[in-house]
>>> print(open('input.txt').read())   # compact mmCIF, C-alpha atoms (C1' of nucleotides)
# COMPACT_ATOMS: atom_id res chain seq x y z
CA MET P 1 -17.51 97.06 -81.89
CA ASN P 2 -16.19 96.51 -85.40
CA ARG P 3 -16.82 97.94 -88.79
CA THR P 4 -18.33 94.77 -90.34
CA THR P 5 -20.99 94.56 -87.64
CA ILE P 6 -22.01 98.14 -88.42
CA ILE P 7 -22.12 97.53 -92.18
CA ASN P 8 -24.24 94.40 -91.74
CA ALA P 9 -26.62 96.17 -89.37
CA ALA P 10 -26.91 98.99 -91.89
CA ALA P 11 -27.73 96.53 -94.69
CA GLY P 12 -30.62 95.20 -92.62
CA LEU P 13 -31.94 98.70 -91.92
CA PHE P 14 -31.46 99.92 -95.50
CA GLU P 15 -33.40 96.88 -96.69
CA SER P 16 -36.37 97.34 -94.39
CA LYS P 17 -36.58 101.15 -94.11
CA GLY P 18 -34.75 102.22 -97.24
CA TYR P 19 -31.49 104.19 -97.30
CA SER P 20 -33.06 107.65 -97.10
CA ALA P 21 -35.40 106.85 -94.22
CA THR P 22 -32.70 105.16 -92.16
CA SER P 23 -31.01 107.60 -89.78
CA MET P 24 -27.59 107.26 -88.26
CA ARG P 25 -29.45 107.31 -84.94
CA ASP P 26 -31.37 104.18 -86.02
CA LEU P 27 -28.12 102.49 -86.90
CA ALA P 28 -26.42 103.53 -83.67
CA GLU P 29 -29.30 102.17 -81.62
CA LYS P 30 -29.22 98.86 -83.47
CA VAL P 31 -25.54 98.29 -82.73
CA GLY P 32 -25.68 99.78 -79.21
CA LEU P 33 -23.60 102.91 -79.70
CA MET P 34 -24.17 106.65 -79.41
CA PRO P 35 -24.68 108.12 -82.91
CA SER P 36 -21.41 110.02 -82.92
CA SER P 37 -19.45 106.87 -82.03
CA LEU P 38 -20.29 105.36 -85.41
CA TYR P 39 -17.88 107.83 -86.97
CA SER P 40 -14.94 106.12 -85.31
CA HIS P 41 -15.61 103.19 -87.66
CA ILE P 42 -17.05 104.75 -90.77
CA ASN P 43 -16.71 108.13 -92.44
CA SER P 44 -20.26 108.73 -93.62
CA LYS P 45 -23.64 107.18 -94.31
CA GLN P 46 -22.78 107.35 -98.01
CA GLU P 47 -19.67 105.26 -97.46
CA ILE P 48 -21.72 102.44 -95.92
CA LEU P 49 -24.11 102.36 -98.87
CA LYS P 50 -21.24 102.36 -101.32
CA GLU P 51 -19.54 99.47 -99.55
CA ILE P 52 -22.70 97.32 -99.55
CA CYS P 53 -23.49 97.98 -103.21
CA MET P 54 -19.94 97.57 -104.48
CA GLN P 55 -19.30 94.34 -102.56
CA CYS P 56 -22.31 92.81 -104.29
CA ALA P 57 -21.30 94.18 -107.66
CA TYR P 58 -17.81 92.70 -107.35
CA GLN P 59 -19.21 89.32 -106.36
CA PHE P 60 -21.28 89.17 -109.52
CA THR P 61 -18.35 90.37 -111.59
CA GLU P 62 -16.01 87.76 -110.10
CA GLY P 63 -18.58 85.01 -110.51
CA MET P 64 -19.02 85.93 -114.16
CA LEU P 65 -15.27 85.93 -114.80
CA GLU P 66 -14.77 82.48 -113.24
CA LEU P 67 -17.67 81.15 -115.26
CA LYS P 68 -16.26 82.48 -118.51
CA GLN P 69 -13.02 80.57 -117.96
CA ASN P 70 -14.86 77.26 -117.75
CA ASN P 71 -15.68 77.09 -121.45
CA ASN P 72 -19.15 75.75 -120.84
CA ASN P 73 -21.83 75.46 -123.46
CA PRO P 74 -24.55 78.16 -123.26
CA GLN P 75 -26.97 75.99 -121.27
CA GLN P 76 -24.33 75.18 -118.67
CA SER P 77 -23.42 78.86 -118.46
CA ILE P 78 -27.03 79.86 -117.80
CA ASP P 79 -27.29 77.16 -115.13
CA ALA P 80 -24.13 78.51 -113.53
CA LEU P 81 -25.46 82.09 -113.63
CA ILE P 82 -28.70 81.02 -111.95
CA LYS P 83 -26.64 79.29 -109.28
CA LEU P 84 -24.50 82.41 -108.88
CA HIS P 85 -27.53 84.65 -108.32
CA VAL P 86 -29.22 82.20 -105.93
CA ASP P 87 -26.02 81.62 -103.96
CA ILE P 88 -25.34 85.31 -103.47
CA ALA P 89 -28.98 86.08 -102.65
CA TYR P 90 -29.11 83.36 -100.00
CA SER P 91 -25.72 84.37 -98.55
CA PHE P 92 -26.43 88.10 -98.21
CA PRO P 93 -30.15 88.72 -98.71
CA SER P 94 -30.16 92.20 -97.13
CA SER P 95 -27.13 93.35 -99.08
CA ILE P 96 -28.70 92.11 -102.30
CA ALA P 97 -31.91 93.96 -101.51
CA VAL P 98 -29.87 97.15 -101.03
CA PHE P 99 -27.79 96.42 -104.15
CA ASN P 100 -31.01 96.09 -106.15
CA ASP P 101 -33.14 98.90 -104.77
CA GLU P 102 -30.92 101.49 -103.05
CA TRP P 103 -27.88 101.81 -105.33
CA ARG P 104 -29.36 104.93 -106.92
CA PHE P 105 -28.78 106.81 -103.64
CA MET P 106 -25.01 106.51 -103.98
CA GLU P 107 -23.21 109.69 -104.95
CA ALA P 108 -22.72 110.40 -108.65
CA LYS P 109 -19.14 109.18 -109.00
CA ASP P 110 -19.95 105.84 -107.34
CA ILE P 111 -22.99 105.40 -109.55
CA THR P 112 -20.70 105.79 -112.56
CA THR P 113 -18.38 103.02 -111.32
CA PHE P 114 -21.36 100.86 -110.41
CA LYS P 115 -22.97 101.22 -113.81
CA LYS P 116 -19.74 100.34 -115.58
CA LEU P 117 -19.55 97.04 -113.71
CA ARG P 118 -23.20 96.38 -114.38
CA THR P 119 -22.93 97.13 -118.09
CA GLN P 120 -20.00 94.75 -118.43
CA TYR P 121 -21.88 92.06 -116.54
CA GLU P 122 -24.93 92.50 -118.74
CA LYS P 123 -22.81 92.32 -121.88
CA ASN P 124 -21.31 88.99 -120.80
CA PHE P 125 -24.75 87.67 -119.86
CA LYS P 126 -26.23 88.68 -123.20
CA ASP P 127 -23.30 87.14 -125.09
CA ILE P 128 -24.24 83.77 -123.62
CA LEU P 129 -27.88 84.19 -124.65
CA GLN P 130 -26.78 85.22 -128.13
CA GLU P 131 -24.40 82.29 -128.49
CA GLY P 132 -27.19 79.92 -127.45
CA LYS P 133 -29.46 81.34 -130.11
CA ASP P 134 -26.76 81.20 -132.78
CA LYS P 135 -26.15 77.54 -132.01
CA GLY P 136 -29.86 76.75 -132.16
CA ILE P 137 -30.05 75.83 -128.47
CA PHE P 138 -32.10 78.82 -127.30
CA ASN P 139 -35.22 80.33 -128.79
CA TYR P 140 -36.44 83.84 -128.04
CA ILE P 141 -37.58 86.89 -129.98
CA ASP P 142 -35.55 89.89 -128.77
CA LEU P 143 -32.24 89.58 -126.91
CA ASP P 144 -32.57 92.75 -124.83
CA VAL P 145 -36.14 92.08 -123.78
CA VAL P 146 -35.63 88.43 -122.87
CA PHE P 147 -32.55 89.42 -120.90
CA LEU P 148 -34.60 91.90 -118.87
CA ILE P 149 -37.18 89.20 -118.14
CA ILE P 150 -34.53 86.77 -116.90
CA LEU P 151 -32.72 89.38 -114.84
CA SER P 152 -35.99 90.52 -113.22
CA THR P 153 -36.48 87.03 -111.87
CA LEU P 154 -32.88 86.58 -110.74
CA ASN P 155 -32.75 89.99 -109.07
CA ARG P 156 -35.79 89.21 -106.92
CA THR P 157 -34.54 85.85 -105.67
CA TYR P 158 -33.66 87.42 -102.32
CA GLN P 159 -37.41 87.65 -101.63
CA SER P 160 -37.49 83.86 -101.29
CA VAL P 161 -34.89 83.78 -98.52
CA GLY P 162 -36.42 82.65 -95.24
CA LYS P 163 -39.55 81.46 -97.03
CA TYR P 164 -38.49 78.77 -99.46
CA ASN P 165 -35.66 76.28 -99.44
CA LYS P 166 -32.66 77.40 -101.46
CA ASN P 167 -32.26 74.21 -103.52
CA LYS P 168 -35.97 74.21 -104.30
CA VAL P 169 -35.81 77.80 -105.51
CA GLU P 170 -32.76 77.15 -107.65
CA ALA P 171 -34.37 74.03 -109.14
CA GLU P 172 -37.58 75.91 -109.93
CA ILE P 173 -35.81 78.86 -111.58
CA ASN P 174 -33.65 76.45 -113.53
CA HIS P 175 -36.63 74.45 -114.73
CA PHE P 176 -38.55 77.61 -115.60
CA ILE P 177 -35.83 79.38 -117.56
CA LYS P 178 -34.60 76.21 -119.27
CA ASN P 179 -38.07 75.52 -120.66
CA ALA P 180 -38.66 79.17 -121.48
CA LEU P 181 -35.50 79.31 -123.63
CA LYS P 182 -35.77 75.83 -125.13
CA ASN P 183 -35.76 75.63 -128.93
CA THR P 184 -38.29 72.94 -129.77
CA MET X 185 -53.45 123.95 -110.44
CA ASN X 186 -55.31 120.72 -109.82
CA ARG X 187 -54.92 117.74 -107.58
CA THR X 188 -54.25 115.22 -110.37
CA THR X 189 -51.32 117.25 -111.69
CA ILE X 190 -49.79 117.21 -108.22
CA ILE X 191 -50.31 113.46 -107.75
CA ASN X 192 -48.75 112.71 -111.14
CA ALA X 193 -45.78 114.96 -110.45
CA ALA X 194 -45.35 113.23 -107.11
CA ALA X 195 -45.39 109.79 -108.77
CA GLY X 196 -42.52 110.89 -111.02
CA LEU X 197 -40.50 112.19 -108.07
CA PHE X 198 -41.24 109.20 -105.85
CA GLU X 199 -40.08 106.93 -108.67
CA SER X 200 -36.79 108.70 -109.28
CA LYS X 201 -35.84 109.88 -105.78
CA GLY X 202 -37.86 107.52 -103.62
CA TYR X 203 -40.68 108.56 -101.29
CA SER X 204 -38.51 109.35 -98.29
CA ALA X 205 -35.97 111.45 -100.17
CA THR X 206 -38.62 113.47 -101.99
CA SER X 207 -39.49 116.65 -100.10
CA MET X 208 -42.67 118.63 -100.39
CA ARG X 209 -40.39 121.46 -101.52
CA ASP X 210 -39.23 119.28 -104.46
CA LEU X 211 -42.83 118.62 -105.35
CA ALA X 212 -43.85 122.28 -105.03
CA GLU X 213 -41.00 123.34 -107.31
CA LYS X 214 -41.95 120.75 -109.92
CA VAL X 215 -45.54 121.99 -110.16
CA GLY X 216 -44.64 125.68 -109.76
CA LEU X 217 -46.15 126.42 -106.36
CA MET X 218 -44.89 127.52 -102.97
CA PRO X 219 -44.60 124.46 -100.66
CA SER X 220 -47.44 125.53 -98.41
CA SER X 221 -49.80 125.96 -101.36
CA LEU X 222 -49.72 122.21 -101.97
CA TYR X 223 -51.84 121.79 -98.87
CA SER X 224 -54.80 123.47 -100.52
CA HIS X 225 -54.98 120.37 -102.75
CA ILE X 226 -53.74 117.54 -100.59
CA ASN X 227 -53.68 116.89 -96.85
CA SER X 228 -50.27 115.28 -96.46
CA LYS X 229 -47.36 113.61 -98.20
CA GLN X 230 -48.66 110.29 -96.87
CA GLU X 231 -52.00 110.85 -98.58
CA ILE X 232 -50.31 111.22 -101.97
CA LEU X 233 -48.41 107.98 -101.56
CA LYS X 234 -51.54 106.17 -100.46
CA GLU X 235 -53.48 107.42 -103.47
CA ILE X 236 -50.81 106.30 -105.94
CA CYS X 237 -50.44 102.84 -104.42
CA MET X 238 -54.14 102.21 -103.95
CA GLN X 239 -55.07 103.33 -107.46
CA CYS X 240 -52.67 100.74 -108.85
CA ALA X 241 -53.88 98.07 -106.46
CA TYR X 242 -57.50 98.65 -107.47
CA GLN X 243 -56.63 98.47 -111.14
CA PHE X 244 -55.08 95.05 -110.69
CA THR X 245 -58.02 93.92 -108.56
CA GLU X 246 -60.55 95.12 -111.13
CA GLY X 247 -58.61 93.54 -113.99
CA MET X 248 -58.54 90.24 -112.16
CA LEU X 249 -62.28 90.33 -111.45
CA GLU X 250 -63.16 91.03 -115.10
CA LEU X 251 -60.87 88.24 -116.20
CA LYS X 252 -62.46 85.75 -113.82
CA GLN X 253 -65.88 86.39 -115.33
CA ASN X 254 -64.68 85.41 -118.78
CA ASN X 255 -64.42 81.68 -118.02
CA ASN X 256 -61.23 81.29 -119.96
CA ASN X 257 -59.03 78.23 -119.85
CA PRO X 258 -55.87 78.61 -117.72
CA GLN X 259 -53.62 79.48 -120.68
CA GLN X 260 -55.99 82.24 -121.82
CA SER X 261 -56.16 83.55 -118.26
CA ILE X 262 -52.37 83.76 -118.00
CA ASP X 263 -52.25 85.55 -121.36
CA ALA X 264 -54.84 88.02 -120.07
CA LEU X 265 -52.90 88.56 -116.84
CA ILE X 266 -49.73 89.29 -118.78
CA LYS X 267 -51.67 91.77 -120.89
CA LEU X 268 -53.12 93.35 -117.74
CA HIS X 269 -49.68 93.88 -116.21
CA VAL X 270 -48.15 95.21 -119.43
CA ASP X 271 -51.11 97.52 -120.09
CA ILE X 272 -51.02 99.06 -116.63
CA ALA X 273 -47.20 99.35 -116.63
CA TYR X 274 -47.22 101.16 -119.99
CA SER X 275 -50.12 103.41 -118.96
CA PHE X 276 -48.70 104.55 -115.61
CA PRO X 277 -45.03 103.55 -115.38
CA SER X 278 -44.16 105.94 -112.54
CA SER X 279 -47.17 104.93 -110.48
CA ILE X 280 -46.33 101.27 -110.97
CA ALA X 281 -42.74 101.89 -109.88
CA VAL X 282 -44.07 103.53 -106.70
CA PHE X 283 -46.67 100.77 -106.23
CA ASN X 284 -43.88 98.19 -106.43
CA ASP X 285 -41.11 99.82 -104.43
CA GLU X 286 -42.53 102.53 -102.17
CA TRP X 287 -45.75 101.00 -100.80
CA ARG X 288 -43.95 100.03 -97.58
CA PHE X 289 -43.71 103.72 -96.65
CA MET X 290 -47.47 104.02 -96.31
CA GLU X 291 -48.78 104.23 -92.76
CA ALA X 292 -49.64 100.99 -90.99
CA LYS X 293 -53.40 101.01 -91.56
CA ASP X 294 -52.99 101.60 -95.29
CA ILE X 295 -50.43 98.80 -95.53
CA THR X 296 -53.01 96.47 -93.98
CA THR X 297 -55.59 97.38 -96.63
CA PHE X 298 -52.98 97.15 -99.35
CA LYS X 299 -51.82 93.71 -98.29
CA LYS X 300 -55.38 92.40 -98.16
CA LEU X 301 -55.91 93.39 -101.80
CA ARG X 302 -52.57 91.90 -102.75
CA THR X 303 -53.20 88.62 -100.96
CA GLN X 304 -56.56 88.24 -102.70
CA TYR X 305 -54.97 89.00 -106.06
CA GLU X 306 -52.23 86.47 -105.45
CA LYS X 307 -54.75 83.83 -104.45
CA ASN X 308 -56.67 84.30 -107.69
CA PHE X 309 -53.44 84.21 -109.69
CA LYS X 310 -52.28 81.01 -108.00
CA ASP X 311 -55.67 79.38 -108.52
CA ILE X 312 -55.17 79.75 -112.25
CA LEU X 313 -51.70 78.21 -112.08
CA GLN X 314 -53.07 75.35 -109.97
CA GLU X 315 -55.97 74.72 -112.32
CA GLY X 316 -53.56 74.60 -115.25
CA LYS X 317 -51.46 72.00 -113.47
CA ASP X 318 -54.48 69.93 -112.47
CA LYS X 319 -55.65 69.85 -116.07
CA GLY X 320 -52.20 68.82 -117.31
CA ILE X 321 -51.66 72.05 -119.25
CA PHE X 322 -48.95 73.55 -117.03
CA ASN X 323 -45.84 71.95 -115.62
CA TYR X 324 -43.90 73.32 -112.66
CA ILE X 325 -42.52 72.04 -109.37
CA ASP X 326 -43.77 74.32 -106.60
CA LEU X 327 -46.78 76.62 -106.94
CA ASP X 328 -45.58 79.34 -104.55
CA VAL X 329 -42.08 79.50 -106.00
CA VAL X 330 -43.13 79.53 -109.64
CA PHE X 331 -45.67 82.23 -108.82
CA LEU X 332 -42.93 84.41 -107.34
CA ILE X 333 -40.82 83.93 -110.47
CA ILE X 334 -43.67 84.97 -112.75
CA LEU X 335 -44.66 87.94 -110.59
CA SER X 336 -41.05 89.16 -110.44
CA THR X 337 -41.04 89.45 -114.20
CA LEU X 338 -44.46 91.08 -114.44
CA ASN X 339 -43.72 93.56 -111.65
CA ARG X 340 -40.61 94.83 -113.42
CA THR X 341 -42.26 95.40 -116.78
CA TYR X 342 -42.35 99.14 -116.11
CA GLN X 343 -38.58 99.16 -116.62
CA SER X 344 -39.15 98.50 -120.33
CA VAL X 345 -41.30 101.60 -120.81
CA GLY X 346 -39.56 104.14 -123.02
CA LYS X 347 -36.98 101.55 -124.09
CA TYR X 348 -38.87 98.76 -125.80
CA ASN X 349 -42.08 98.67 -127.77
CA LYS X 350 -45.07 97.61 -125.73
CA ASN X 351 -46.32 94.91 -128.12
CA LYS X 352 -42.83 93.48 -128.43
CA VAL X 353 -42.50 93.27 -124.65
CA GLU X 354 -45.89 91.65 -124.24
CA ALA X 355 -45.10 89.14 -127.00
CA GLU X 356 -41.74 88.26 -125.44
CA ILE X 357 -43.15 87.78 -121.93
CA ASN X 358 -45.96 85.72 -123.38
CA HIS X 359 -43.60 83.52 -125.34
CA PHE X 360 -41.27 83.14 -122.37
CA ILE X 361 -43.87 82.24 -119.75
CA LYS X 362 -45.88 80.03 -122.11
CA ASN X 363 -42.83 77.89 -122.86
CA ALA X 364 -41.70 77.93 -119.25
CA LEU X 365 -45.03 76.51 -118.05
CA LYS X 366 -45.62 74.15 -120.98
CA ASN X 367 -46.21 70.51 -120.10
CA THR X 368 -44.37 68.57 -122.79
C1' DC N 369 -16.72 105.80 -77.21
C1' DC N 370 -19.34 109.67 -74.95
C1' DT N 371 -21.40 114.60 -74.07
C1' DA N 372 -22.67 118.47 -76.22
C1' DC N 373 -23.77 120.77 -80.05
C1' DC N 374 -24.24 122.85 -85.07
C1' DG N 375 -26.44 124.36 -89.40
C1' DA N 376 -29.59 122.49 -92.69
C1' DT N 377 -33.75 120.62 -93.92
C1' DC N 378 -37.95 118.37 -93.02
C1' DG N 379 -43.54 118.16 -93.02
C1' DG N 380 -46.84 121.04 -91.91
C1' DT N 381 -49.69 125.33 -89.88
C1' DA N 382 -51.43 130.27 -89.15
C1' DG N 383 -53.29 133.88 -91.15
C1' DG N 384 -54.51 136.59 -94.78
C1' DC W 385 -51.99 130.80 -103.34
C1' DC W 386 -48.43 133.39 -100.63
C1' DT W 387 -45.44 135.11 -96.48
C1' DA W 388 -43.80 133.80 -92.36
C1' DC W 389 -42.85 130.53 -89.27
C1' DC W 390 -42.66 126.20 -85.97
C1' DG W 391 -40.84 122.07 -83.64
C1' DA W 392 -38.57 117.89 -84.94
C1' DT W 393 -35.05 115.51 -86.94
C1' DC W 394 -31.24 115.04 -89.93
C1' DG W 395 -25.82 113.97 -90.88
C1' DG W 396 -21.93 115.15 -88.90
C1' DT W 397 -18.10 117.64 -85.78
C1' DA W 398 -15.41 119.27 -81.54
C1' DG W 399 -13.25 117.94 -77.79
C1' DG W 400 -12.09 114.94 -74.38
>>> encode(input="input.txt", output="structure tokens")
Amino acid sequence: MNRTTIINAAAGLFESKGYSATSMRDLAEKVGLMPSSLYSHINSKQEILKEICMQCAYQFTEGMLELKQNNNNPQQSIDALIKLHVDIAYSFPSSIAVFNDEWRFMEAKDITTFKKLRTQYEKNFKDILQEGKDKGIFNYIDLDVVFLIILSTLNRTYQSVGKYNKNKVEAEINHFIKNALKNT
Amino acid sequence: MNRTTIINAAAGLFESKGYSATSMRDLAEKVGLMPSSLYSHINSKQEILKEICMQCAYQFTEGMLELKQNNNNPQQSIDALIKLHVDIAYSFPSSIAVFNDEWRFMEAKDITTFKKLRTQYEKNFKDILQEGKDKGIFNYIDLDVVFLIILSTLNRTYQSVGKYNKNKVEAEINHFIKNALKNT
DNA sequence: CCTACCGATCGGTAGG
DNA sequence: CCTACCGATCGGTAGG
């Protein structure tokens, strides 16, 4: 038995039953251990949740940093961000579901760290939308509201995993958001 | 004390702590009763969840039925659906949060009823998108995928409540989706 | 990695 | 609407 197997099994359970309703006994059964044996690999249920949420957060943060170094125009940056969200969602759908819906069950100090990463990510994302508007490429009314609309779509991409082809989903989101932002 | 007060208090708790992590003791404290006294007004925790989720589901179903009787063109129907989602989200934000994220904790038979209503709603929604494409008004690649994108945005509207003005949010979503679907 | 176990908390009931 | 209480289940530990 290894730690990664346990974390992945937990992500699946947290996704389907929610963090609070998942017991350590559920998790033990899924990986074929006695409940107490889990604690040879992990320190607490909280620690598992934190690891899942933070791994996702760091992937988005890294992806954003790489993208910023490429000096793309705003449209290329948005395309790259869509690709980033779709790639991560299709690579770790359960983790992304937990990252989206269960992060609030982390303990207070982890939520603080988590929110800092998220705020920085959102700032970078909004900067791209703002730059696009300033250059006359994008057209929208309110930056904060349009950002929330776009993020809502990107955050729910994991729901398409196992149902629709990844390239098809990315193409559709791309087409949709490109037209939605287009300044005609 | 009355039943409605208890249900509303529960919606607020279920939104912020999640259904599973909310105890009947939490709920009792919030409405100023001893835990056991709650059971003079409701039969179980499950019953509260069911009532919140089903009330929302019926509101969407009713809204859709009214809208279908108006014989609008597809663009007017989409506008009306956006208004329906924004109106309900701004009227009962906590209930909508529970409807979106906690419905899976209902018992099996209620989930069956819930999913039937949802499937019918989705069918009606997709019919409008299909009709718009057939008439050359809308442009998108895949019906199912574009529907998921639109619904993701509409389902998360409750996150704007208390942060952004309702009319502004409705206008932005309208502008965004209209352009995204436009056949140019 | 297992057996055995702990204190805390859960949803809910009995009875007035 | 309250006091008193129940069996079940929870996350986690001791000790080997």
>>> residues_around(input="input.txt", residues="Ala292 (chain X)", least_positions_apart="6", cutoff="12 Å", atoms="only C-alpha atoms (C1' of nucleotides)", output="list in words")
Gln230, Lys234, Phe298 and Lys299 of chain X
>>> write_last_selection(input="input.txt", atoms="C-alpha atoms", output="PDB file, in the frame of the given file")
ATOM      1  CA  GLN X 230     -48.660 110.290 -96.870  1.00  0.00           C
ATOM      2  CA  LYS X 234     -51.540 106.170-100.460  1.00  0.00           C
ATOM      3  CA  PHE X 298     -52.980  97.150 -99.350  1.00  0.00           C
ATOM      4  CA  LYS X 299     -51.820  93.710 -98.290  1.00  0.00           C
TER       5      LYS X 299
END
>>> residues_around(input="input.txt", residues="Ala171 (chain P)", least_positions_apart="4", cutoff="10 Å", atoms="all atoms listed in the file", output="list of chain:residue names")
P:Asp79, P:Ile82, P:Lys83, P:Lys166, P:Asn167, P:His175, P:Phe176, X:Ile325, X:Asp326, X:Val329
>>> atom_distance(input="input.txt", atom1="CA of Val161 (chain P)", atom2="CA of Ala89 (chain P)")
7.6 Å
>>> interface_residues(input="input.txt", of="chain W", to="chain X", cutoff="10 Å", atoms="only C-alpha atoms (C1' of nucleotides)", output="list in words")
DC385, DC386 and DT387 of chain W
>>> interface_residues(input="input.txt", of="chain X", to="chain P", cutoff="9 Å", atoms="all atoms listed in the file", output="ChimeraX atom specification")
/X:200-205,285,288-289,324-326,328-330,332-341,343-344,348,352-353,355-357,359-366
>>> residues_around(input="input.txt", residues="Gln314 (chain X)", least_positions_apart="3", cutoff="10 Å", atoms="only C-alpha atoms (C1' of nucleotides)", output="ChimeraX atom specification")
/X:258,308-311,317-324,326-327
>>> atom_distance(input="input.txt", atom1="C1' of DG400 (chain W)", atom2="CA of Lys30 (chain P)")
25.2 Å
>>> residues_near_point(input="input.txt", point="(-20.9, 117.2, -87.3)", cutoff="9 Å", atoms="all atoms listed in the file", output="ChimeraX atom specification")
/P:36 /N:373-374 /W:395-398
>>> atom_distance(input="input.txt", atom1="CA of Ile7 (chain P)", atom2="CA of Ile52 (chain P)")
7.4 Å
>>> axis_aligned_box(input="input.txt", around="chain W", padding_each_side="8 Å", output="lines of an AutoDock Vina configuration file")
center_x = -32.0
center_y = 124.5
center_z = -88.9
size_x = 55.9
size_y = 37.1
size_z = 45.0
>>> residues_around(input="input.txt", residues="Tyr158 (chain P)", least_positions_apart="4", cutoff="8 Å", atoms="only C-alpha atoms (C1' of nucleotides)", output="mmCIF file with C-alpha atoms, in the frame of the given file")
data_model
loop_
_atom_site.group_PDB
_atom_site.id
_atom_site.type_symbol
_atom_site.label_atom_id
_atom_site.label_comp_id
_atom_site.auth_asym_id
_atom_site.auth_seq_id
_atom_site.Cartn_x
_atom_site.Cartn_y
_atom_site.Cartn_z
ATOM 1 C CA VAL P 86 -29.220 82.200 -105.930
ATOM 2 C CA ALA P 89 -28.980 86.080 -102.650
ATOM 3 C CA TYR P 90 -29.110 83.360 -100.000
ATOM 4 C CA PRO P 93 -30.150 88.720 -98.710
ATOM 5 C CA SER P 94 -30.160 92.200 -97.130
ATOM 6 C CA ILE P 96 -28.700 92.110 -102.300
ATOM 7 C CA ALA P 97 -31.910 93.960 -101.510
#
>>> build_atoms(input="input.txt", residues="region 231-246 of chain X", atoms="N, CA and C atoms", output="mmCIF file, in the coordinates of the input")
data_model
loop_
_atom_site.group_PDB
_atom_site.id
_atom_site.type_symbol
_atom_site.label_atom_id
_atom_site.label_comp_id
_atom_site.auth_asym_id
_atom_site.auth_seq_id
_atom_site.Cartn_x
_atom_site.Cartn_y
_atom_site.Cartn_z
ATOM 1 N N GLU X 231 -50.765 111.016 -97.799
ATOM 2 C CA GLU X 231 -52.000 110.850 -98.580
ATOM 3 C C GLU X 231 -51.694 110.657 -100.064
ATOM 4 N N ILE X 232 -50.682 111.363 -100.553
ATOM 5 C CA ILE X 232 -50.310 111.220 -101.970
ATOM 6 C C ILE X 232 -49.825 109.803 -102.249
ATOM 7 N N LEU X 233 -48.940 109.338 -101.387
ATOM 8 C CA LEU X 233 -48.410 107.980 -101.560
ATOM 9 C C LEU X 233 -49.525 106.949 -101.549
ATOM 10 N N LYS X 234 -50.416 107.100 -100.581
ATOM 11 C CA LYS X 234 -51.540 106.170 -100.460
ATOM 12 C C LYS X 234 -52.366 106.156 -101.746
ATOM 13 N N GLU X 235 -52.626 107.333 -102.280
ATOM 14 C CA GLU X 235 -53.480 107.420 -103.470
ATOM 15 C C GLU X 235 -52.818 106.733 -104.666
ATOM 16 N N ILE X 236 -51.521 106.949 -104.828
ATOM 17 C CA ILE X 236 -50.810 106.300 -105.940
ATOM 18 C C ILE X 236 -50.848 104.783 -105.799
ATOM 19 N N CYS X 237 -50.514 104.299 -104.625
ATOM 20 C CA CYS X 237 -50.440 102.840 -104.420
ATOM 21 C C CYS X 237 -51.808 102.185 -104.540
ATOM 22 N N MET X 238 -52.806 102.827 -103.954
ATOM 23 C CA MET X 238 -54.140 102.210 -103.950
ATOM 24 C C MET X 238 -54.776 102.227 -105.341
ATOM 25 N N GLN X 239 -54.529 103.295 -106.091
ATOM 26 C CA GLN X 239 -55.070 103.330 -107.460
ATOM 27 C C GLN X 239 -54.538 102.164 -108.281
ATOM 28 N N CYS X 240 -53.250 101.890 -108.137
ATOM 29 C CA CYS X 240 -52.670 100.740 -108.850
ATOM 30 C C CYS X 240 -53.277 99.437 -108.355
ATOM 31 N N ALA X 241 -53.348 99.312 -107.037
ATOM 32 C CA ALA X 241 -53.880 98.070 -106.460
ATOM 33 C C ALA X 241 -55.296 97.797 -106.962
ATOM 34 N N TYR X 242 -56.113 98.835 -107.013
ATOM 35 C CA TYR X 242 -57.500 98.650 -107.470
ATOM 36 C C TYR X 242 -57.562 98.292 -108.943
ATOM 37 N N GLN X 243 -56.637 98.822 -109.719
ATOM 38 C CA GLN X 243 -56.630 98.470 -111.140
ATOM 39 C C GLN X 243 -56.329 96.999 -111.351
ATOM 40 N N PHE X 244 -55.388 96.483 -110.583
ATOM 41 C CA PHE X 244 -55.080 95.050 -110.690
ATOM 42 C C PHE X 244 -56.268 94.211 -110.206
ATOM 43 N N THR X 245 -56.877 94.662 -109.113
ATOM 44 C CA THR X 245 -58.020 93.920 -108.560
ATOM 45 C C THR X 245 -59.176 93.891 -109.553
ATOM 46 N N GLU X 246 -59.471 95.048 -110.130
ATOM 47 C CA GLU X 246 -60.550 95.120 -111.130
ATOM 48 C C GLU X 246 -60.244 94.245 -112.336
#
